[in-house]
file coords-v2.tsv (TSV, C-alpha atoms and all ligand atoms)
chain	number	residue	atom	x	y	z
A	1	MET	CA	-11.27	65.69	3.95
A	2	SER	CA	-12.14	63.04	1.35
A	3	THR	CA	-15.56	62.61	-0.34
A	4	ILE	CA	-18.69	62.00	1.69
A	5	ALA	CA	-21.15	59.51	0.15
A	6	ASN	CA	-23.40	59.22	3.22
A	7	VAL	CA	-24.59	62.80	3.13
A	8	GLU	CA	-27.64	62.37	5.38
A	9	MET	CA	-25.71	60.43	8.00
A	10	ALA	CA	-22.94	63.03	7.88
A	11	ALA	CA	-25.51	65.79	8.44
A	12	ALA	CA	-26.86	63.95	11.51
A	13	TRP	CA	-23.60	62.77	13.05
A	14	ASP	CA	-21.65	65.90	12.22
A	15	GLY	CA	-24.62	67.89	13.52
A	16	GLU	CA	-26.95	67.54	16.48
A	17	GLU	CA	-26.59	63.78	16.97
A	18	GLY	CA	-22.81	64.05	17.22
A	19	ASP	CA	-23.10	67.04	19.54
A	20	ARG	CA	-25.38	65.11	21.89
A	21	TRP	CA	-23.05	62.07	21.87
A	22	THR	CA	-20.05	64.29	22.62
A	23	GLU	CA	-21.81	65.99	25.51
A	24	GLN	CA	-22.81	62.57	26.90
A	25	ALA	CA	-19.53	60.80	26.05
A	26	ASP	CA	-18.97	59.59	29.61
A	27	ARG	CA	-22.47	58.09	29.71
A	28	TYR	CA	-22.14	56.37	26.30
A	29	GLU	CA	-18.73	55.00	27.21
A	30	ALA	CA	-20.12	53.65	30.51
A	31	ALA	CA	-23.24	52.22	28.82
A	32	GLY	CA	-21.27	50.27	26.24
A	33	ARG	CA	-18.42	48.99	28.35
A	34	ARG	CA	-19.61	45.39	28.80
A	35	LEU	CA	-20.10	44.98	25.04
A	36	TRP	CA	-16.84	46.74	24.15
A	37	ALA	CA	-14.83	44.39	26.31
A	38	ARG	CA	-16.04	41.48	24.13
A	39	LEU	CA	-15.13	43.33	20.92
A	40	VAL	CA	-11.61	44.10	22.11
A	41	GLU	CA	-11.16	40.49	23.25
A	42	VAL	CA	-12.13	38.94	19.88
A	43	SER	CA	-10.28	41.53	17.79
A	44	GLY	CA	-7.07	39.67	18.75
A	45	VAL	CA	-5.10	42.93	18.73
A	46	THR	CA	-1.58	42.46	20.06
A	47	ALA	CA	1.55	44.62	20.20
A	48	GLY	CA	2.60	45.95	16.81
A	49	ARG	CA	-0.76	45.47	15.03
A	50	ARG	CA	-2.05	48.20	12.70
A	51	VAL	CA	-5.71	48.79	13.48
A	52	LEU	CA	-8.54	50.74	11.84
A	53	ASP	CA	-11.63	51.66	13.93
A	54	ILE	CA	-14.72	52.47	11.83
A	55	GLY	CA	-17.24	54.97	13.24
A	56	CYS	CA	-15.04	55.39	16.31
A	57	GLY	CA	-17.06	58.27	17.80
A	58	THR	CA	-15.39	59.58	20.94
A	59	GLY	CA	-12.90	56.75	20.61
A	60	LYS	CA	-13.32	54.42	23.58
A	61	SER	CA	-12.75	51.29	21.49
A	62	THR	CA	-9.93	53.05	19.59
A	63	ARG	CA	-8.11	53.90	22.80
A	64	ASP	CA	-8.59	50.44	24.28
A	65	VAL	CA	-7.04	48.77	21.23
A	66	ALA	CA	-4.33	51.46	20.97
A	67	HIS	CA	-3.05	50.44	24.42
A	68	LEU	CA	-2.87	46.80	23.25
A	69	ALA	CA	-1.43	47.59	19.78
A	70	ALA	CA	1.41	49.90	20.89
A	71	PRO	CA	3.83	50.48	19.23
A	72	GLY	CA	1.49	49.57	16.32
A	73	ALA	CA	-0.53	52.50	14.96
A	74	VAL	CA	-4.29	52.84	15.31
A	75	LEU	CA	-6.51	55.02	13.11
A	76	GLY	CA	-10.04	55.99	14.19
A	77	VAL	CA	-12.39	57.38	11.56
A	78	ASP	CA	-15.79	58.98	11.95
A	79	LEU	CA	-18.18	61.45	10.30
A	80	SER	CA	-18.42	63.74	13.34
A	81	ALA	CA	-15.73	66.41	13.74
A	82	ARG	CA	-16.87	67.12	17.28
A	83	MET	CA	-16.76	63.50	18.41
A	84	LEU	CA	-13.29	63.18	16.88
A	85	ASP	CA	-12.05	66.25	18.76
A	86	GLU	CA	-13.27	64.62	21.96
A	87	ALA	CA	-11.57	61.35	20.95
A	88	ARG	CA	-8.27	63.22	20.42
A	89	ALA	CA	-8.54	64.94	23.81
A	90	ARG	CA	-9.30	61.66	25.58
A	91	SER	CA	-6.41	59.90	23.83
A	92	ALA	CA	-3.99	62.66	24.82
A	93	ALA	CA	-5.25	62.46	28.41
A	94	GLU	CA	-4.43	58.72	28.38
A	95	GLY	CA	-0.93	59.50	27.08
A	96	LEU	CA	-1.45	57.61	23.81
A	97	THR	CA	0.95	58.51	21.02
A	98	ASN	CA	0.12	55.69	18.56
A	99	VAL	CA	-3.42	56.77	17.69
A	100	ARG	CA	-4.79	59.31	15.25
A	101	PHE	CA	-8.28	60.28	14.13
A	102	GLU	CA	-9.60	61.40	10.75
A	103	ARG	CA	-12.97	62.69	9.61
A	104	VAL	CA	-13.81	60.49	6.62
A	105	ASP	CA	-16.69	58.46	5.21
A	106	ALA	CA	-15.41	54.88	5.61
A	107	GLN	CA	-17.60	53.75	2.69
A	108	VAL	CA	-15.55	55.66	0.13
A	109	HIS	CA	-12.35	56.94	1.77
A	110	PRO	CA	-9.28	55.84	-0.22
A	111	PHE	CA	-7.51	54.04	2.64
A	112	GLU	CA	-4.05	52.83	1.78
A	113	GLU	CA	-4.35	49.30	0.35
A	114	ALA	CA	-3.67	46.44	2.80
A	115	ALA	CA	-2.51	48.99	5.39
A	116	PHE	CA	-4.25	47.35	8.37
A	117	ASP	CA	-4.01	44.00	10.16
A	118	VAL	CA	-7.32	44.46	11.97
A	119	VAL	CA	-10.47	46.48	11.32
A	120	ILE	CA	-12.85	46.95	14.26
A	121	SER	CA	-16.11	48.78	14.69
A	122	SER	CA	-18.26	49.35	17.73
A	123	PHE	CA	-21.73	50.04	16.34
A	124	GLY	CA	-20.23	52.25	13.61
A	125	ALA	CA	-20.68	50.09	10.48
A	126	MET	CA	-24.49	49.99	10.33
A	127	PHE	CA	-25.07	53.31	8.61
A	128	PHE	CA	-23.76	52.77	5.06
A	129	ASN	CA	-26.14	53.58	2.20
A	130	ASP	CA	-24.18	51.18	-0.03
A	131	ARG	CA	-23.07	48.31	2.20
A	132	ALA	CA	-21.49	46.32	-0.65
A	133	ALA	CA	-19.31	49.28	-1.63
A	134	ALA	CA	-18.46	50.08	1.98
A	135	PHE	CA	-17.33	46.55	2.92
A	136	ALA	CA	-15.41	46.21	-0.35
A	137	ASN	CA	-13.63	49.45	0.56
A	138	LEU	CA	-12.80	48.08	4.02
A	139	ALA	CA	-11.65	44.77	2.52
A	140	ARG	CA	-9.19	46.70	0.33
A	141	ALA	CA	-7.74	48.36	3.42
A	142	VAL	CA	-7.01	45.06	5.24
A	143	ARG	CA	-4.08	42.84	4.40
A	144	SER	CA	-4.78	39.30	3.23
A	145	GLY	CA	-5.50	37.16	6.31
A	146	GLY	CA	-6.31	40.26	8.38
A	147	THR	CA	-9.26	40.40	10.78
A	148	LEU	CA	-12.61	42.17	10.83
A	149	ALA	CA	-14.38	42.42	14.24
A	150	MET	CA	-17.54	44.46	14.72
A	151	LEU	CA	-20.41	45.01	17.09
A	152	ALA	CA	-23.84	45.75	15.60
A	153	TRP	CA	-27.37	45.63	17.00
A	154	ARG	CA	-29.53	42.56	16.51
A	155	GLU	CA	-33.12	43.27	15.61
A	156	LEU	CA	-35.43	45.55	17.58
A	157	ALA	CA	-37.50	42.66	19.03
A	158	ASP	CA	-34.38	41.34	20.81
A	159	ASN	CA	-33.38	44.69	22.34
A	160	GLU	CA	-35.25	45.31	25.58
A	161	TRP	CA	-33.75	48.80	26.01
A	162	LEU	CA	-35.09	50.02	22.64
A	163	LEU	CA	-38.46	48.31	23.04
A	164	ALA	CA	-38.90	49.82	26.50
A	165	ILE	CA	-38.16	53.35	25.26
A	166	ARG	CA	-40.47	52.93	22.26
A	167	ASP	CA	-43.32	51.46	24.34
A	168	ALA	CA	-43.06	54.22	26.92
A	169	LEU	CA	-43.17	56.94	24.27
A	170	ALA	CA	-45.65	55.38	21.81
A	171	ALA	CA	-48.50	57.53	23.17
A	172	GLY	CA	-51.16	55.48	21.38
A	173	ARG	CA	-49.31	55.40	18.06
A	174	THR	CA	-48.36	52.22	16.21
A	175	LEU	CA	-44.69	52.83	15.62
A	176	PRO	CA	-43.12	51.43	12.45
A	177	VAL	CA	-40.51	48.69	12.91
A	178	PRO	CA	-37.31	49.72	11.14
A	179	PRO	CA	-36.37	47.02	8.58
A	180	ALA	CA	-33.16	45.02	9.07
A	181	GLY	CA	-30.64	45.92	6.39
A	182	GLY	CA	-31.72	49.57	6.10
A	183	VAL	CA	-29.47	52.51	6.88
A	184	GLY	CA	-29.50	52.79	10.69
A	185	PRO	CA	-29.04	50.78	13.87
A	186	PHE	CA	-30.36	47.56	12.26
A	187	GLY	CA	-28.19	47.76	9.14
A	188	LEU	CA	-26.46	44.43	10.00
A	189	ALA	CA	-29.24	42.92	12.14
A	190	ASP	CA	-30.22	40.14	9.69
A	191	SER	CA	-27.23	37.82	9.93
A	192	ASP	CA	-27.89	35.93	6.66
A	193	ASP	CA	-28.25	39.15	4.69
A	194	ALA	CA	-25.26	40.80	6.39
A	195	ALA	CA	-23.08	37.68	5.96
A	196	ALA	CA	-23.82	37.76	2.21
A	197	VAL	CA	-22.83	41.44	2.01
A	198	ILE	CA	-19.62	41.01	4.03
A	199	GLY	CA	-18.67	37.75	2.29
A	200	GLY	CA	-19.41	39.25	-1.12
A	201	ALA	CA	-17.07	42.13	-0.35
A	202	GLY	CA	-13.98	39.90	-0.02
A	203	PHE	CA	-14.10	38.58	3.56
A	204	THR	CA	-14.22	34.91	4.47
A	205	ASP	CA	-15.14	32.90	7.62
A	206	VAL	CA	-17.88	35.43	8.39
A	207	ALA	CA	-19.32	34.51	11.80
A	208	PHE	CA	-22.08	35.99	13.93
A	209	THR	CA	-22.01	35.46	17.71
A	210	ALA	CA	-24.99	36.68	19.71
A	211	VAL	CA	-23.88	38.78	22.67
A	212	ASP	CA	-26.45	39.57	25.34
A	213	HIS	CA	-25.21	42.03	27.92
A	214	PRO	CA	-27.08	44.56	29.99
A	215	ILE	CA	-26.49	48.19	29.10
A	216	GLU	CA	-26.43	50.73	31.87
A	217	ILE	CA	-28.53	53.81	31.16
A	218	GLY	CA	-27.57	55.55	34.42
A	219	ALA	CA	-26.51	55.04	38.01
A	220	ASP	CA	-30.07	55.79	39.19
A	221	ALA	CA	-33.44	56.74	37.69
A	222	ASP	CA	-32.66	60.50	37.67
A	223	ALA	CA	-29.33	60.01	35.89
A	224	ALA	CA	-30.90	57.50	33.49
A	225	PHE	CA	-33.75	59.87	32.65
A	226	ALA	CA	-31.35	62.79	32.09
A	227	PHE	CA	-29.25	60.63	29.75
A	228	ALA	CA	-32.17	59.00	27.90
A	229	SER	CA	-33.74	62.42	27.30
A	230	THR	CA	-30.73	63.35	25.14
A	231	MET	CA	-30.94	60.21	22.96
A	232	GLY	CA	-31.90	60.57	19.30
A	233	ILE	CA	-34.63	57.91	19.68
A	234	VAL	CA	-36.28	59.86	22.52
A	235	LYS	CA	-36.04	63.19	20.67
A	236	GLY	CA	-37.42	61.55	17.51
A	237	LEU	CA	-40.37	59.88	19.25
A	238	THR	CA	-41.43	62.97	21.23
A	239	GLN	CA	-40.85	65.79	18.76
A	240	ASP	CA	-44.27	65.52	17.07
A	241	LEU	CA	-46.28	65.15	20.28
A	242	ASP	CA	-48.21	68.07	21.77
A	243	GLU	CA	-46.91	69.40	25.05
A	244	GLU	CA	-49.31	67.50	27.30
A	245	THR	CA	-48.88	64.15	25.52
A	246	ARG	CA	-45.10	64.60	25.50
A	247	ALA	CA	-45.08	65.32	29.25
A	248	SER	CA	-47.08	62.16	30.04
A	249	ALA	CA	-44.96	60.05	27.66
A	250	LEU	CA	-41.79	61.26	29.41
A	251	THR	CA	-43.35	60.53	32.81
A	252	ARG	CA	-43.96	56.97	31.58
A	253	LEU	CA	-40.36	56.72	30.40
A	254	ARG	CA	-39.10	57.86	33.78
A	255	ALA	CA	-41.25	55.22	35.51
A	256	VAL	CA	-39.92	52.47	33.22
A	257	LEU	CA	-36.35	53.55	33.96
A	258	ALA	CA	-37.08	53.54	37.71
A	259	ASP	CA	-38.49	49.99	37.37
A	260	HIS	CA	-35.14	48.86	35.98
A	261	GLN	CA	-33.06	50.26	38.84
A	262	THR	CA	-30.74	47.57	40.25
A	263	GLY	CA	-27.85	47.64	42.69
A	264	GLU	CA	-25.59	48.13	39.65
A	265	GLY	CA	-27.53	50.98	38.06
A	266	VAL	CA	-30.47	51.21	35.66
A	267	LEU	CA	-29.95	48.15	33.45
A	268	PHE	CA	-31.76	46.92	30.32
A	269	GLY	CA	-31.16	43.90	28.13
A	270	ALA	CA	-29.24	44.64	24.94
A	271	ALA	CA	-28.74	42.22	22.07
A	272	ALA	CA	-25.80	42.64	19.75
A	273	TRP	CA	-23.97	40.64	17.12
A	274	LEU	CA	-20.27	40.20	17.43
A	275	ILE	CA	-19.35	39.79	13.78
A	276	THR	CA	-15.96	38.38	12.85
A	277	ALA	CA	-14.39	37.65	9.50
A	278	ARG	CA	-11.02	37.26	7.81
A	279	ARG	CA	-9.74	39.02	4.71
A	280	ALA	CA	-9.62	36.38	1.98
B	1	LIG	C1	-23.69	54.56	17.20
B	1	LIG	S1	-22.28	55.59	17.01
B	1	LIG	C2	-21.00	54.60	17.71
B	1	LIG	C3	-19.82	55.40	18.18
B	1	LIG	C4	-18.74	54.62	18.92
B	1	LIG	N1	-18.07	53.67	18.10
B	1	LIG	C5	-19.36	53.97	20.13
B	1	LIG	O1	-19.48	52.73	20.15
B	1	LIG	O2	-19.70	54.69	21.07
B	1	LIG	C6	-22.00	55.44	15.27
B	1	LIG	C7	-20.82	56.23	14.77
B	1	LIG	O3	-20.56	55.81	13.43
B	1	LIG	C8	-20.17	56.95	12.69
B	1	LIG	N2	-20.42	56.68	11.27
B	1	LIG	C9	-21.61	56.39	10.68
B	1	LIG	N3	-21.46	56.21	9.36
B	1	LIG	C10	-20.13	56.38	9.10
B	1	LIG	C11	-19.36	56.34	7.90
B	1	LIG	N4	-19.91	56.11	6.71
B	1	LIG	N5	-18.01	56.58	7.99
B	1	LIG	C12	-17.44	56.85	9.19
B	1	LIG	N6	-18.14	56.90	10.36
B	1	LIG	C13	-19.47	56.67	10.31
B	1	LIG	C14	-21.03	58.08	13.26
B	1	LIG	O4	-20.50	59.35	12.98
B	1	LIG	C15	-21.06	57.73	14.74
B	1	LIG	O5	-20.06	58.37	15.47

call {"tool": "encode", "arguments": {"input": "coords-v2.tsv", "output": "structure tokens"}}
result
Amino acid sequence: MSTIANVEMAAAWDGEEGDRWTEQADRYEAAGRRLWARLVEVSGVTAGRRVLDIGCGTGKSTRDVAHLAAPGAVLGVDLSARMLDEARARSAAEGLTNVRFERVDAQVHPFEEAAFDVVISSFGAMFFNDRAAAFANLARAVRSGGTLAMLAWRELADNEWLLAIRDALAAGRTLPVPPAGGVGPFGLADSDDAAAVIGGAGFTDVAFTAVDHPIEIGADADAAFAFASTMGIVKGLTQDLDEETRASALTRLRAVLADHQTGEGVLFGAAAWLITARRA
């Protein structure tokens, strides 16, 4: 495996966080499906295209584009060995032979120059500790005129699902608001700042389209609570609470999830950017 620059992220994603995602892969893949469909649509992947998927996780977006790109080759990269194993198993189960997965840090991995027509990422390009270096590295990997298409979270205030979880678990605390542009879910949330980083790295026509789609946390309140309880945000917000406070915070979370039950499952508003650009 090549060098890892994002050591803390690698420890999380190649550790407990990646384990939890792998165990809940079906739930994550169901939760994200409405947003993914938009990403795949704008990526413009057609037969014969060579595609790179950054932070592919268990590989739902990788597999979806691999079906469209065949016989073109698709490479999914991620920091989590366990998520990649799951991605390989799922690809084999779908009979895909044009996709492969590698455990690399996309910020620094020496991808072959201009080897890809399209780079996509579904919420996997927000965790770089040096965004300028990372996007310059991705720009190197795309041929001139090639496409970049990514999903990333807009800011916390726009994301009902995150606000609802935080409010339910605040337990009297004033929780800090993670800054846009930092390493984490809001790494590309400020569109002006992110456009400057992506444009400065060698991409042109950088565009941000707001995508508001509900995400499904579970088919019903019980399923949603079981899934939410495994999420990093829920673990993080409850780990320092005493037993009694944690129990009442989780009871509140369960009630909030039940309030959002609809005929189509437990749904919350989610606000993402669909970011597109072209290699200059
Ligand atoms: C929020 S998950 C998204 C996973 C998947 N694309 C999805 O939409 O379900 C973020 C993923 O990005 C990966 N990731 C974060 N930083 C990375 C980096 N520097 N290089 C490669 N993968 C990275 C993580 O390991 C994790 O699997």

call {"tool": "residues_around", "arguments": {"input": "coords-v2.tsv", "residues": "range 194-199 of chain A", "least_positions_apart": "6", "cutoff": "10 Å", "atoms": "all atoms listed in the file", "output": "list in words"}}
result
Arg131, Ala132, Ala133, Ala134, Phe135, Ala136, Leu138, Ala139, Leu148, Ala180, Gly181, Gly187, Leu188, Asp205, Val206, Ala207, Phe208, Ile275, Thr276, Ala277, Arg278, Arg279 and Ala280 of chain A

call {"tool": "closest_residue", "arguments": {"input": "coords-v2.tsv", "among": "A:Asp105, A:Asp53, A:Glu8, A:Glu216", "to": "ligand LIG 1 (chain B)", "atoms": "all atoms listed in the file"}}
result
A:Asp105

call {"tool": "closest_residue", "arguments": {"input": "coords-v2.tsv", "among": "A:Gly146, A:Ser122, A:Val77, A:Arg34", "to": "Leu267 in chain A", "atoms": "only C-alpha atoms"}}
result
A:Arg34

call {"tool": "residues_around", "arguments": {"input": "coords-v2.tsv", "residues": "Ala5 in chain A", "least_positions_apart": "2", "cutoff": "9 Å", "atoms": "all atoms listed in the file", "output": "number ranges by chain"}}
result
A: 3, 7-8, 10, 105, 107-108, 128-130

call {"tool": "residues_near_ligand", "arguments": {"input": "coords-v2.tsv", "ligand": "ligand LIG 1 (chain B)", "cutoff": "9 Å", "atoms": "all atoms listed in the file", "output": "JSON, numbers by chain"}}
result
{"A": [4, 5, 6, 7, 9, 10, 12, 13, 14, 17, 18, 21, 25, 28, 29, 31, 32, 36, 53, 54, 55, 56, 57, 58, 59, 60, 61, 62, 76, 77, 78, 79, 80, 81, 83, 84, 103, 104, 105, 106, 107, 108, 109, 121, 122, 123, 124, 125, 126, 127, 128, 129, 134, 151, 152, 184, 185]}

call {"tool": "residues_around", "arguments": {"input": "coords-v2.tsv", "residues": "Leu175 in chain A", "least_positions_apart": "5", "cutoff": "9 Å", "atoms": "all atoms listed in the file", "output": "ChimeraX atom specification"}}
result
/A:166-167,170

call {"tool": "atom_distance", "arguments": {"input": "coords-v2.tsv", "atom1": "CA of Gln239 in chain A", "atom2": "CA of Ala87 in chain A"}}
result
29.7 Å

call {"tool": "atom_distance", "arguments": {"input": "coords-v2.tsv", "atom1": "CA of Thr22 in chain A", "atom2": "CA of Asp85 in chain A"}}
result
9.1 Å

call {"tool": "residues_near_point", "arguments": {"input": "coords-v2.tsv", "point": "(-37.7, 63.9, 22.0)", "cutoff": "12 Å", "atoms": "only C-alpha atoms", "output": "NGL selection string"}}
result
:A and (165-166 or 169-170 or 226-243 or 245-247 or 249-250 or 253)

call {"tool": "build_atoms", "arguments": {"input": "coords-v2.tsv", "residues": "range 118-137 of chain A", "atoms": "N, CA and C atoms", "output": "mmCIF file, in the coordinates of the input"}}
result
data_model
loop_
_atom_site.group_PDB
_atom_site.id
_atom_site.type_symbol
_atom_site.label_atom_id
_atom_site.label_comp_id
_atom_site.auth_asym_id
_atom_site.auth_seq_id
_atom_site.Cartn_x
_atom_site.Cartn_y
_atom_site.Cartn_z
ATOM 1 N N VAL A 118 -6.026 44.675 11.314
ATOM 2 C CA VAL A 118 -7.320 44.460 11.970
ATOM 3 C C VAL A 118 -8.209 45.674 11.720
ATOM 4 N N VAL A 119 -9.472 45.410 11.374
ATOM 5 C CA VAL A 119 -10.470 46.480 11.320
ATOM 6 C C VAL A 119 -11.514 46.164 12.393
ATOM 7 N N ILE A 120 -11.798 47.149 13.249
ATOM 8 C CA ILE A 120 -12.850 46.950 14.260
ATOM 9 C C ILE A 120 -13.923 48.016 14.078
ATOM 10 N N SER A 121 -15.082 47.746 14.620
ATOM 11 C CA SER A 121 -16.110 48.780 14.690
ATOM 12 C C SER A 121 -17.056 48.472 15.834
ATOM 13 N N SER A 122 -17.294 49.473 16.653
ATOM 14 C CA SER A 122 -18.260 49.350 17.730
ATOM 15 C C SER A 122 -19.505 50.130 17.324
ATOM 16 N N PHE A 123 -20.459 49.442 16.748
ATOM 17 C CA PHE A 123 -21.730 50.040 16.340
ATOM 18 C C PHE A 123 -21.551 51.207 15.372
ATOM 19 N N GLY A 124 -20.492 51.148 14.547
ATOM 20 C CA GLY A 124 -20.230 52.250 13.610
ATOM 21 C C GLY A 124 -20.301 51.841 12.156
ATOM 22 N N ALA A 125 -20.674 50.574 11.871
ATOM 23 C CA ALA A 125 -20.680 50.090 10.480
ATOM 24 C C ALA A 125 -22.084 49.700 10.023
ATOM 25 N N MET A 126 -23.094 50.364 10.615
ATOM 26 C CA MET A 126 -24.490 49.990 10.330
ATOM 27 C C MET A 126 -25.200 51.076 9.522
ATOM 28 N N PHE A 127 -24.447 52.098 9.147
ATOM 29 C CA PHE A 127 -25.070 53.310 8.610
ATOM 30 C C PHE A 127 -24.704 53.584 7.155
ATOM 31 N N PHE A 128 -24.188 52.564 6.453
ATOM 32 C CA PHE A 128 -23.760 52.770 5.060
ATOM 33 C C PHE A 128 -24.965 52.719 4.128
ATOM 34 N N ASN A 129 -25.041 53.650 3.171
ATOM 35 C CA ASN A 129 -26.140 53.580 2.200
ATOM 36 C C ASN A 129 -25.812 52.648 1.035
ATOM 37 N N ASP A 130 -24.551 52.204 0.949
ATOM 38 C CA ASP A 130 -24.180 51.180 -0.030
ATOM 39 C C ASP A 130 -23.242 50.211 0.700
ATOM 40 N N ARG A 131 -23.860 49.196 1.339
ATOM 41 C CA ARG A 131 -23.070 48.310 2.200
ATOM 42 C C ARG A 131 -22.045 47.512 1.398
ATOM 43 N N ALA A 132 -22.422 47.102 0.176
ATOM 44 C CA ALA A 132 -21.490 46.320 -0.650
ATOM 45 C C ALA A 132 -20.235 47.146 -0.939
ATOM 46 N N ALA A 133 -20.445 48.403 -1.331
ATOM 47 C CA ALA A 133 -19.310 49.280 -1.630
ATOM 48 C C ALA A 133 -18.485 49.534 -0.379
ATOM 49 N N ALA A 134 -19.163 49.750 0.740
ATOM 50 C CA ALA A 134 -18.460 50.080 1.980
ATOM 51 C C ALA A 134 -17.573 48.911 2.432
ATOM 52 N N PHE A 135 -18.143 47.677 2.440
ATOM 53 C CA PHE A 135 -17.330 46.550 2.920
ATOM 54 C C PHE A 135 -16.237 46.172 1.921
ATOM 55 N N ALA A 136 -16.490 46.436 0.632
ATOM 56 C CA ALA A 136 -15.410 46.210 -0.350
ATOM 57 C C ALA A 136 -14.288 47.215 -0.096
ATOM 58 N N ASN A 137 -14.646 48.434 0.259
ATOM 59 C CA ASN A 137 -13.630 49.450 0.560
ATOM 60 C C ASN A 137 -12.820 49.054 1.801
#
